[in-house]
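Colleague: So here's start-v1.tsv, just TSV, C-alpha atoms and all ligand atoms:
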```tsv
chain	number	residue	atom	x	y	z
A	1	MET	CA	124.74	-118.30	29.84
A	2	LYS	CA	128.05	-118.96	31.54
A	3	ILE	CA	130.09	-121.75	29.99
A	4	PHE	CA	133.26	-123.18	31.49
A	5	ASN	CA	135.36	-125.87	29.80
A	6	ASP	CA	137.40	-128.42	31.83
A	7	TYR	CA	135.70	-127.18	34.95
A	8	ASN	CA	136.78	-128.32	38.40
A	9	LEU	CA	133.81	-129.56	40.46
A	10	LYS	CA	135.43	-129.54	43.92
A	11	ASN	CA	133.37	-126.52	44.97
A	12	HIS	CA	130.29	-127.88	43.28
A	13	ASN	CA	129.83	-131.08	45.24
A	14	THR	CA	129.42	-131.02	49.01
A	15	PHE	CA	131.60	-134.13	49.39
A	16	GLY	CA	134.43	-131.90	48.12
A	17	ILE	CA	135.64	-134.53	45.64
A	18	ASN	CA	138.34	-133.26	43.34
A	19	VAL	CA	136.97	-134.09	39.87
A	20	SER	CA	136.22	-132.13	36.74
A	21	CYS	CA	133.76	-132.12	33.87
A	22	LYS	CA	134.25	-131.45	30.18
A	23	CYS	CA	131.84	-128.51	30.26
A	24	PHE	CA	129.87	-126.70	32.98
A	25	ALA	CA	127.01	-124.52	31.76
A	26	GLU	CA	124.96	-122.21	33.95
A	27	TYR	CA	121.75	-120.64	32.66
A	28	GLU	CA	119.73	-117.72	33.99
A	29	SER	CA	116.60	-118.50	32.02
A	30	ILE	CA	115.16	-121.73	30.64
A	31	GLU	CA	115.00	-120.23	27.13
A	32	GLU	CA	118.76	-119.70	27.27
A	33	CYS	CA	119.20	-123.30	28.45
A	34	VAL	CA	117.01	-124.75	25.68
A	35	ASP	CA	118.91	-122.75	23.08
A	36	PHE	CA	122.16	-124.15	24.46
A	37	LEU	CA	120.81	-127.73	24.51
A	38	ASN	CA	119.65	-127.45	20.89
A	39	LYS	CA	123.18	-126.62	19.81
A	40	LEU	CA	124.87	-129.51	21.65
A	41	PRO	CA	126.28	-132.30	19.50
A	42	GLU	CA	124.13	-135.43	19.16
A	43	GLY	CA	124.83	-137.99	21.90
A	44	GLU	CA	126.39	-135.50	24.34
A	45	ILE	CA	126.10	-136.79	27.91
A	46	ILE	CA	124.20	-134.35	30.11
A	47	LEU	CA	123.77	-134.08	33.85
A	48	HIS	CA	121.67	-131.50	35.71
A	49	VAL	CA	122.95	-130.56	39.12
A	50	GLY	CA	121.59	-128.40	41.90
A	51	GLY	CA	123.78	-127.52	44.86
A	52	GLY	CA	125.70	-130.80	44.45
A	53	SER	CA	124.65	-131.93	47.92
A	54	ASN	CA	123.44	-135.33	46.82
A	55	LEU	CA	126.12	-136.39	44.35
A	56	LEU	CA	129.18	-138.57	44.64
A	57	PHE	CA	131.55	-138.36	41.69
A	58	THR	CA	133.81	-141.42	41.40
A	59	ARG	CA	135.64	-140.03	38.35
A	60	ASP	CA	135.78	-137.06	36.01
A	61	PHE	CA	132.52	-136.43	34.16
A	62	GLN	CA	132.96	-136.73	30.39
A	63	GLY	CA	130.00	-134.61	29.44
A	64	THR	CA	128.15	-131.36	30.05
A	65	ILE	CA	126.84	-130.37	33.45
A	66	LEU	CA	123.90	-127.97	33.52
A	67	HIS	CA	123.21	-125.75	36.49
A	68	SER	CA	120.26	-123.45	36.98
A	69	ALA	CA	120.77	-119.85	38.06
A	70	VAL	CA	117.04	-119.10	37.66
A	71	LYS	CA	116.53	-117.12	40.84
A	72	SER	CA	113.08	-115.54	40.74
A	73	PHE	CA	110.38	-115.41	43.45
A	74	GLU	CA	106.80	-114.56	42.56
A	75	ILE	CA	103.37	-114.93	44.19
A	76	ILE	CA	101.14	-116.13	41.34
A	77	GLU	CA	97.87	-116.93	43.11
A	78	GLU	CA	96.37	-115.94	46.43
A	79	THR	CA	93.31	-116.60	48.56
A	80	ALA	CA	92.56	-115.50	52.12
A	81	GLU	CA	94.10	-118.75	53.41
A	82	GLU	CA	96.85	-119.68	50.96
A	83	ALA	CA	99.32	-118.41	48.37
A	84	THR	CA	101.02	-120.13	45.46
A	85	VAL	CA	104.58	-119.00	44.96
A	86	ARG	CA	106.64	-119.68	41.85
A	87	VAL	CA	110.31	-120.03	42.63
A	88	GLY	CA	113.28	-120.39	40.28
A	89	SER	CA	115.05	-123.75	40.40
A	90	GLY	CA	118.41	-122.12	41.16
A	91	VAL	CA	117.24	-120.46	44.39
A	92	ILE	CA	118.87	-121.88	47.51
A	93	PHE	CA	116.08	-123.82	49.22
A	94	ASP	CA	116.81	-122.26	52.61
A	95	ASP	CA	116.62	-118.75	51.08
A	96	PHE	CA	113.17	-119.66	49.79
A	97	ILE	CA	112.09	-120.57	53.35
A	98	ALA	CA	113.48	-117.29	54.73
A	99	TRP	CA	111.66	-115.35	52.00
A	100	ALA	CA	108.38	-117.22	52.65
A	101	LEU	CA	108.53	-116.53	56.40
A	102	GLU	CA	109.15	-112.85	55.75
A	103	LYS	CA	105.99	-112.79	53.62
A	104	GLY	CA	104.03	-114.61	56.35
A	105	LEU	CA	103.75	-117.85	54.37
A	106	TYR	CA	104.10	-121.16	56.20
A	107	GLY	CA	104.61	-124.87	55.61
A	108	ALA	CA	108.28	-125.09	54.65
A	109	GLU	CA	109.89	-124.17	57.99
A	110	ASN	CA	110.59	-127.79	59.08
A	111	LEU	CA	112.83	-128.11	56.01
A	112	SER	CA	115.15	-125.33	57.22
A	113	ALA	CA	118.92	-125.58	56.77
A	114	ILE	CA	118.85	-128.43	54.25
A	115	PRO	CA	121.64	-127.73	51.76
A	116	GLY	CA	120.59	-127.62	48.12
A	117	GLU	CA	118.43	-125.75	45.65
A	118	VAL	CA	114.74	-125.49	44.81
A	119	GLY	CA	114.91	-127.53	41.59
A	120	ALA	CA	116.58	-130.45	43.32
A	121	SER	CA	114.07	-130.29	46.19
A	122	ALA	CA	111.32	-131.20	43.70
A	123	VAL	CA	113.36	-133.96	42.06
A	124	GLN	CA	114.57	-135.53	45.29
A	125	ASN	CA	111.45	-134.85	47.37
A	126	ILE	CA	113.65	-133.71	50.23
A	127	GLY	CA	112.31	-134.28	53.69
A	128	ALA	CA	113.09	-133.64	57.33
A	129	TYR	CA	111.42	-133.38	60.74
A	130	GLY	CA	108.05	-134.72	59.62
A	131	VAL	CA	107.66	-132.77	56.37
A	132	GLU	CA	108.43	-133.71	52.77
A	133	ALA	CA	108.74	-131.18	49.95
A	134	GLU	CA	105.85	-132.81	48.07
A	135	GLN	CA	103.44	-131.67	50.81
A	136	ILE	CA	103.92	-128.07	49.69
A	137	ILE	CA	104.62	-128.61	45.98
A	138	GLN	CA	101.69	-127.71	43.73
A	139	ALA	CA	103.41	-128.08	40.34
A	140	VAL	CA	106.82	-128.47	38.75
A	141	GLU	CA	107.65	-126.61	35.54
A	142	VAL	CA	110.08	-128.43	33.27
A	143	TYR	CA	111.53	-128.56	29.81
A	144	ASP	CA	111.27	-132.09	28.41
A	145	CYS	CA	114.53	-132.64	26.48
A	146	GLN	CA	113.24	-135.81	24.87
A	147	ALA	CA	109.96	-134.41	23.55
A	148	GLY	CA	111.47	-130.97	22.97
A	149	LYS	CA	108.67	-129.10	24.76
A	150	TYR	CA	107.76	-127.29	27.95
A	151	GLU	CA	105.53	-129.08	30.41
A	152	ILE	CA	103.96	-128.49	33.83
A	153	PHE	CA	103.63	-131.52	36.11
A	154	ARG	CA	100.84	-131.11	38.63
A	155	HIS	CA	101.67	-132.60	42.03
A	156	ASP	CA	99.70	-135.81	41.42
A	157	ASP	CA	101.59	-136.53	38.20
A	158	CYS	CA	105.02	-136.30	39.89
A	159	ARG	CA	104.88	-139.85	41.39
A	160	TYR	CA	106.06	-138.58	44.71
A	161	ALA	CA	107.17	-141.08	47.33
A	162	TYR	CA	109.89	-141.13	49.99
A	163	ARG	CA	112.89	-139.39	48.33
A	164	HIS	CA	111.41	-140.22	44.94
A	165	SER	CA	109.73	-138.54	41.96
A	166	ILE	CA	109.12	-139.15	38.26
A	167	PHE	CA	112.09	-136.86	37.56
A	168	LYS	CA	114.42	-139.39	39.20
A	169	GLU	CA	113.08	-142.11	36.91
A	170	TYR	CA	114.29	-140.24	33.80
A	171	PRO	CA	117.50	-138.57	34.99
A	172	ALA	CA	118.56	-136.51	31.96
A	173	ARG	CA	115.13	-135.93	30.49
A	174	TYR	CA	113.57	-133.08	32.44
A	175	VAL	CA	115.11	-129.71	33.22
A	176	VAL	CA	113.24	-128.22	36.18
A	177	HIS	CA	113.18	-124.43	35.82
A	178	HIS	CA	110.50	-123.35	38.34
A	179	VAL	CA	108.65	-124.97	41.20
A	180	GLN	CA	105.24	-123.81	42.43
A	181	PHE	CA	104.73	-124.15	46.17
A	182	ARG	CA	101.40	-123.79	47.95
A	183	LEU	CA	101.89	-122.19	51.36
A	184	LYS	CA	99.52	-121.31	54.19
A	185	LYS	CA	98.85	-117.86	55.59
A	186	THR	CA	98.07	-119.24	59.04
A	187	PHE	CA	100.86	-120.95	60.91
A	188	VAL	CA	100.19	-124.39	62.40
A	189	PRO	CA	103.29	-125.96	63.98
A	190	GLN	CA	104.13	-129.44	62.67
A	191	LEU	CA	105.62	-131.15	65.68
A	192	GLN	CA	104.88	-134.84	65.08
A	193	TYR	CA	108.58	-135.76	64.64
A	194	ARG	CA	109.70	-136.85	68.10
A	195	ALA	CA	113.23	-135.38	68.03
A	196	LEU	CA	111.78	-132.00	67.05
A	197	GLN	CA	109.07	-132.19	69.71
A	198	ASN	CA	111.67	-132.98	72.38
A	199	GLU	CA	113.93	-130.11	71.38
A	200	VAL	CA	110.99	-127.67	71.26
A	201	VAL	CA	110.08	-128.62	74.83
A	202	ARG	CA	113.74	-128.56	75.96
A	203	GLN	CA	114.09	-125.01	74.64
A	204	GLY	CA	111.02	-123.96	76.65
A	205	PHE	CA	108.49	-123.48	73.83
A	206	SER	CA	104.93	-124.76	73.81
A	207	ALA	CA	102.83	-125.80	70.81
A	208	GLU	CA	100.61	-122.77	71.51
A	209	SER	CA	103.32	-120.12	71.73
A	210	ILE	CA	105.85	-121.31	69.16
A	211	THR	CA	106.24	-119.32	65.93
A	212	ALA	CA	107.43	-120.48	62.50
A	213	SER	CA	110.72	-118.64	63.02
A	214	ASP	CA	111.19	-120.50	66.31
A	215	ILE	CA	110.68	-123.82	64.49
A	216	ARG	CA	113.18	-122.74	61.89
A	217	ARG	CA	115.72	-121.95	64.63
A	218	VAL	CA	115.10	-125.20	66.53
A	219	VAL	CA	115.40	-127.32	63.35
A	220	THR	CA	118.60	-125.48	62.45
A	221	ASP	CA	119.96	-126.13	65.97
A	222	ILE	CA	119.21	-129.87	65.74
A	223	ARG	CA	120.82	-130.11	62.32
A	224	ASN	CA	123.91	-128.19	63.43
A	225	ALA	CA	124.31	-130.47	66.44
A	226	LYS	CA	123.92	-133.70	64.45
A	227	LEU	CA	125.11	-133.10	60.93
A	228	PRO	CA	128.58	-132.01	59.85
A	229	ASP	CA	129.02	-128.70	58.02
A	230	TYR	CA	130.13	-129.70	54.54
A	231	HIS	CA	132.41	-126.65	54.33
A	232	VAL	CA	134.43	-128.22	57.14
A	233	LEU	CA	133.90	-131.95	56.55
A	234	GLY	CA	132.71	-132.94	53.08
A	235	ASN	CA	129.50	-135.01	53.09
A	236	GLY	CA	126.27	-135.56	51.16
A	237	GLY	CA	123.76	-135.61	54.03
A	238	SER	CA	122.14	-138.99	54.62
A	239	PHE	CA	124.04	-141.39	52.40
A	240	PHE	CA	121.37	-144.11	52.53
A	241	MET	CA	117.60	-144.09	52.55
A	242	ASN	CA	115.83	-145.53	55.55
A	243	PRO	CA	114.62	-149.00	54.48
A	244	ILE	CA	110.94	-149.92	54.65
A	245	VAL	CA	110.30	-153.55	55.62
A	246	ASP	CA	107.07	-155.53	55.75
A	247	VAL	CA	105.34	-156.16	59.07
A	248	ALA	CA	106.46	-159.81	59.32
A	249	LYS	CA	110.12	-158.86	58.88
A	250	PHE	CA	109.72	-156.01	61.36
A	251	LYS	CA	108.17	-158.28	63.99
A	252	SER	CA	110.98	-160.81	63.75
A	253	LEU	CA	113.60	-158.07	64.00
A	254	GLN	CA	111.83	-156.47	66.94
A	255	LYS	CA	111.89	-159.75	68.83
A	256	GLU	CA	115.65	-159.84	68.48
A	257	TYR	CA	116.23	-156.08	68.92
A	258	PRO	CA	113.52	-154.69	71.21
A	259	ASP	CA	115.26	-151.28	71.36
A	260	MET	CA	115.14	-150.82	67.56
A	261	PRO	CA	113.50	-147.47	66.63
A	262	PHE	CA	110.84	-147.60	63.90
A	263	PHE	CA	108.18	-145.52	62.15
A	264	GLU	CA	105.00	-146.99	60.76
A	265	THR	CA	104.20	-145.91	57.19
A	266	THR	CA	101.49	-146.83	54.73
A	267	ASP	CA	103.97	-149.03	52.83
A	268	GLY	CA	105.39	-150.92	55.81
A	269	VAL	CA	107.68	-150.14	58.73
A	270	LYS	CA	110.55	-147.71	58.27
A	271	ILE	CA	113.73	-148.56	60.19
A	272	PRO	CA	116.39	-145.85	60.62
A	273	ALA	CA	119.41	-146.92	58.57
A	274	GLY	CA	121.58	-144.89	60.98
A	275	TRP	CA	120.60	-147.24	63.79
A	276	LEU	CA	121.29	-150.37	61.68
A	277	ILE	CA	124.71	-149.02	60.65
A	278	GLU	CA	125.60	-148.07	64.22
A	279	LYS	CA	124.60	-151.56	65.45
A	280	CYS	CA	126.98	-153.03	62.86
A	281	GLY	CA	129.79	-151.06	64.52
A	282	TRP	CA	130.46	-148.50	61.80
A	283	LYS	CA	129.71	-145.27	63.64
A	284	GLY	CA	132.82	-143.07	63.86
A	285	ARG	CA	134.97	-145.54	61.88
A	286	ARG	CA	137.50	-144.22	59.40
A	287	VAL	CA	138.81	-146.10	56.37
A	288	GLY	CA	141.61	-144.15	54.71
A	289	ASN	CA	140.30	-140.70	53.92
A	290	ALA	CA	136.66	-141.68	54.14
A	291	GLY	CA	134.62	-142.31	57.26
A	292	VAL	CA	131.30	-142.68	59.02
A	293	TYR	CA	130.38	-139.54	60.97
A	294	GLU	CA	130.78	-139.94	64.71
A	295	LYS	CA	127.44	-138.31	65.62
A	296	GLN	CA	125.22	-139.77	62.86
A	297	ALA	CA	126.01	-143.11	61.25
A	298	LEU	CA	123.93	-142.30	58.17
A	299	ILE	CA	126.45	-139.70	57.07
A	300	LEU	CA	129.64	-140.63	55.23
A	301	VAL	CA	132.37	-138.00	55.34
A	302	ASN	CA	135.44	-136.96	53.42
A	303	TYR	CA	138.34	-136.26	55.77
A	304	GLY	CA	139.97	-134.07	53.15
A	305	GLU	CA	141.49	-135.93	50.26
A	306	ALA	CA	139.11	-138.87	49.78
A	307	THR	CA	138.30	-139.97	46.27
A	308	GLY	CA	134.73	-140.73	45.31
A	309	ARG	CA	135.77	-144.33	44.86
A	310	GLU	CA	136.98	-144.57	48.48
A	311	ILE	CA	133.65	-143.27	49.74
A	312	SER	CA	131.72	-145.52	47.38
A	313	GLU	CA	133.72	-148.57	48.51
A	314	LEU	CA	133.05	-147.70	52.15
A	315	SER	CA	129.34	-147.43	51.35
A	316	GLN	CA	129.36	-150.88	49.75
A	317	ALA	CA	131.10	-152.41	52.78
A	318	ILE	CA	128.40	-150.88	55.00
A	319	GLN	CA	125.60	-152.19	52.76
A	320	GLN	CA	127.12	-155.68	52.89
A	321	SER	CA	127.42	-155.60	56.63
A	322	VAL	CA	123.81	-154.42	57.18
A	323	LEU	CA	122.59	-157.11	54.78
A	324	GLN	CA	124.54	-159.83	56.60
A	325	THR	CA	123.49	-158.74	60.09
A	326	PHE	CA	119.85	-157.79	59.53
A	327	GLY	CA	118.94	-159.24	56.13
A	328	ILE	CA	118.02	-155.74	54.96
A	329	ALA	CA	119.32	-154.20	51.73
A	330	ILE	CA	119.84	-150.48	52.19
A	331	SER	CA	120.12	-148.32	49.09
A	332	SER	CA	121.96	-145.08	48.66
A	333	GLU	CA	120.12	-141.78	48.66
A	334	VAL	CA	123.16	-140.10	47.17
A	335	ASN	CA	123.50	-140.43	43.39
A	336	ILE	CA	126.80	-142.18	42.64
A	337	LEU	CA	128.31	-141.23	39.30
B	401	LIG	N1	119.97	-143.33	64.96
B	401	LIG	C1	120.89	-144.12	65.61
B	401	LIG	N2	122.21	-143.99	65.27
B	401	LIG	C2	122.64	-143.09	64.38
B	401	LIG	C3	121.70	-142.28	63.71
B	401	LIG	C4	120.35	-142.42	64.03
B	401	LIG	O1	120.54	-144.95	66.45
B	401	LIG	O2	123.85	-143.02	64.16
B	401	LIG	C5	118.55	-143.41	65.36
B	401	LIG	C6	118.13	-142.19	66.17
B	401	LIG	O3	118.40	-142.39	67.52
B	401	LIG	C7	116.67	-142.08	65.90
B	401	LIG	C8	116.54	-142.61	64.49
B	401	LIG	O4	117.73	-143.35	64.21
B	401	LIG	O5	115.93	-142.94	66.74
B	401	LIG	C9	116.33	-141.51	63.46
B	401	LIG	O6	117.44	-140.64	63.46
B	401	LIG	P1	117.35	-139.12	62.93
B	401	LIG	O7	116.24	-138.40	63.61
B	401	LIG	O8	118.70	-138.53	63.03
B	401	LIG	O9	116.90	-139.24	61.44
B	401	LIG	P2	117.37	-140.21	60.25
B	401	LIG	O10	116.30	-141.20	59.99
B	401	LIG	O11	118.74	-140.71	60.49
B	401	LIG	C10	116.17	-138.79	58.42
B	401	LIG	C11	116.50	-138.17	57.08
B	401	LIG	C12	117.30	-136.90	57.27
B	401	LIG	C13	116.47	-135.94	58.10
B	401	LIG	C14	116.12	-136.59	59.44
B	401	LIG	C15	115.18	-135.77	60.25
B	401	LIG	C16	116.62	-140.02	55.51
B	401	LIG	C17	117.51	-140.87	54.68
B	401	LIG	N3	117.24	-139.12	56.28
B	401	LIG	O12	117.40	-139.16	59.03
B	401	LIG	O13	117.52	-136.32	55.99
B	401	LIG	O14	117.16	-134.73	58.32
B	401	LIG	O15	115.45	-137.86	59.20
B	401	LIG	O16	113.91	-135.80	59.69
B	401	LIG	O17	115.41	-140.15	55.44
B	401	LIG	C18	119.05	-136.25	54.17
B	401	LIG	O18	118.18	-136.80	53.50
B	401	LIG	O19	120.17	-135.94	53.69
B	401	LIG	C19	118.80	-135.99	55.57
B	401	LIG	C20	119.74	-135.49	56.40
```
Kindly present the structure from the file in structure tokens form.
Modeller:
Amino acid sequence: MKIFNDYNLKNHNTFGINVSCKCFAEYESIEECVDFLNKLPEGEIILHVGGGSNLLFTRDFQGTILHSAVKSFEIIEETAEEATVRVGSGVIFDDFIAWALEKGLYGAENLSAIPGEVGASAVQNIGAYGVEAEQIIQAVEVYDCQAGKYEIFRHDDCRYAYRHSIFKEYPARYVVHHVQFRLKKTFVPQLQYRALQNEVVRQGFSAESITASDIRRVVTDIRNAKLPDYHVLGNGGSFFMNPIVDVAKFKSLQKEYPDMPFFETTDGVKIPAGWLIEKCGWKGRRVGNAGVYEKQALILVNYGEATGREISELSQAIQQSVLQTFGIAISSEVNIL
């Protein structure tokens, strides 16, 4: 267990906000973590973080931050068609994809180049280019801090939805230590996301000839072209979730904005928040040290010395403006602390 007191979090949040926490504790095994938790004083405030790619700190954190350095990979079950792999929560998610492809295991490649770690992928149900983490998650192994016991959540008990899981409903309760992914031994390209399909064709691939490594490269290319590198320009990926509206609301909006992109889902119609924000005139705008990324309006950026409060205030101004213009309330995907 590595324990740091008065720890600066600037390198532990991809927004690059200069804040600190009272204590930062990194564990290499869940047993070590549980032992540490049992010794904490009653009432201590706890926060579990992954790669810090989905967090906006608006002030110093007056408690203990836990970070997993559980970094194992293991195939625990195998058939002729599929394999279940058990991966430590502290593994970088993209390293897991690279490892899986090397082993000839497929299903995660569309999620290439997303910053963050395996544990957070199961909490946040990360998604991109037509695939969500829950599609490959078989089970999530946790320690339940409230009940004081280990538990394994099967996929169907995780309450997965768009960027949502049961673990988000009880933020400090569950410590995810391993995630079990079910991957395929035969590669079938998942090309239903239009932007991915277009880029695949533009790069001269066909659905028949493309390999999983090609998909990984194409997805990485699209992301690099659209999303800022947080090492250069601090950001937390998509700041807002794409809102889902009912069909009546969608129809009335479509009458007024026939060019509005949309995706039909089982819960209603999903409208890209990036499009709504751009229409409201925010794309590329800068307010002090915070701004809206010039190539993707869903991304808020730190131009260097922004405080979390500046970014949070900008996000509220954007929410207000989208609500006034379209009558749609957009909510943040980033956790604001
Ligand atoms: N759009 C605009 N203006 C913008 C941004 C987007 O008009 O400034 C339009 C695009 O033209 C396109 C549509 O919105 O028609 C969708 O854009 P894009 O493909 O870039 O995806 P997104 O909906 O903005 C979501 C995820 C991303 C994920 C991409 C690709 C959410 C909140 N975001 O973004 O996830 O990479 O799809 O699948 O669902 C993240 O969660 O941090 C993240 C980056």
Colleague: Cys145 in chain A: which residues within 12 Å, counting all atoms listed in the file, same-chain residues fewer than 2 positions away excluded, as number ranges by chain?
Modeller: A: 30, 33-38, 40, 46-48, 142-143, 147-151, 170-176
Colleague: With distances taken over only C-alpha atoms and all ligand atoms, which of A:Gly50, A:Gly16, A:Gly116, A:Pro41 is nearest to ligand LIG 401 (chain B)?
Modeller: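 The answer is A:Gly116, which sits nearest to ligand LIG 401 (chain B).
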Colleague: Just give me the residues with any atom within 12 Å of (119.1, -154.2, 51.7), file coordinates, counting all atoms listed in the file, written as number ranges by chain.
Modeller: A: 240-245, 271, 273, 276-277, 316, 318-332
Colleague: Compile the contact shell of range 89-91 of chain A as a list in words: residues with an atom at most 6 Å away, counting all atoms listed in the file, same-chain residues fewer than 4 positions apart removed.
Modeller: Ser68, Ala69, Val70, Lys71, Glu117, Val118, Gly119, His177 and His178 of chain A
Colleague: With distances taken over only C-alpha atoms, which residue among A:Tyr293, A:Tyr27, A:Phe205, A:Tyr162 lies nearest Ala128 in chain A?
Modeller: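 Answer, going by the shortest atom-to-atom distance: A:Tyr162.
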Colleague: Which of these, A:Ile114, A:Leu191, A:Ile311, A:Cys23, has the shortest distance to ligand LIG 401 (chain B) once you count all atoms listed in the file?
Modeller: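 For ligand LIG 401 (chain B), the nearest of the given residues is A:Ile114.
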Colleague: Counting only C-alpha atoms and all ligand atoms, name the residues that have an atom within 8 Å of an atom of ligand LIG 401 (chain B); the answer should be given as a ChimeraX atom specification.
Modeller: /A:54,114,126-131,162-163,193,195,223,226-227,236-242,260-262,271-279,283,294-299,333
Colleague: Pick out the closest residue to Glu82 in chain A from this set: A:Arg202, A:Lys2, A:Arg309, A:Lys185. Count only C-alpha atoms.
Modeller: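 Of A:Arg202, A:Lys2, A:Arg309, A:Lys185, the one nearest Glu82 in chain A, counting only C-alpha atoms, is A:Lys185.
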Colleague: For a quick check of understanding, using only C-alpha atoms, which of A:Thr84, A:Ser112, A:Ser53, A:Gln197 has the smallest distance to Asn13 in chain A?
Modeller: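 Of the candidates, the smallest distance to Asn13 in chain A is held by A:Ser53.
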Colleague: May I ask for the distance between CA of Cys21 in chain A and CA of Asp94 in chain A, given in Å to one decimal place?
Modeller: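 About the pair CA of Cys21 in chain A and CA of Asp94 in chain A: they are 27.1 Å apart.
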Colleague: Find the residues with any atom within 9 Å of (135.5, -130.9, 41.3); use all atoms listed in the file and the coordinates as given in the file, and write the answer as a list in words.
Modeller: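 With a cut-off of 9 Å, the residues come to Tyr7, Asn8, Leu9, Lys10, Asn11, His12, Asn13, Gly16, Ile17, Asn18, Val19, Ser20, Cys21, Phe57 and Asp60 of chain A.
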Colleague: Which distance in Å separates CA of Gln192 in chain A and CA of Phe153 in chain A, to one decimal?
Modeller: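 Result for CA of Gln192 in chain A versus CA of Phe153 in chain A: 29.2 Å, one decimal.
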Colleague: Write out as a list in words the residues lying within 10 Å of Asp214 in chain A, counting all atoms listed in the file and excluding same-chain residues fewer than 5 positions away.
Modeller: Glu109, Pro189, Val200, Gln203, Phe205, Ser209, Val219 and Thr220 of chain A
Colleague: Deliver the residues from the most recent selection as a file, using C-alpha atoms, as a PDB file, in the frame of the given file.
Modeller:
```pdb
ATOM      1  CA  GLU A 109     109.890-124.170  57.990  1.00  0.00           C
ATOM      2  CA  PRO A 189     103.290-125.960  63.980  1.00  0.00           C
ATOM      3  CA  VAL A 200     110.990-127.670  71.260  1.00  0.00           C
ATOM      4  CA  GLN A 203     114.090-125.010  74.640  1.00  0.00           C
ATOM      5  CA  PHE A 205     108.490-123.480  73.830  1.00  0.00           C
ATOM      6  CA  SER A 209     103.320-120.120  71.730  1.00  0.00           C
ATOM      7  CA  VAL A 219     115.400-127.320  63.350  1.00  0.00           C
ATOM      8  CA  THR A 220     118.600-125.480  62.450  1.00  0.00           C
TER       9      THR A 220
END
```
Colleague: In Å to one decimal, how far is CA of Asn235 in chain A from CA of Leu300 in chain A?
Modeller: 6.0 Å
Colleague: Could you work out an axis-aligned box for range 170-181 of chain A, taking every atom the file lists and adding 5 Å on each side, and report centre and edge lengths in Å to one decimal, as JSON?
Modeller:
```
{"center_x": 111.6, "center_y": -131.8, "center_z": 38.3, "size_x": 23.8, "size_y": 26.9, "size_z": 25.7}
```
Colleague: Pick from A:Phe4, A:Phe24, A:Phe73, A:Tyr303: nearest to Val179 in chain A, with all atoms listed in the file counted?
Modeller: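 Distance minimum relative to Val179 in chain A lands on A:Phe73.
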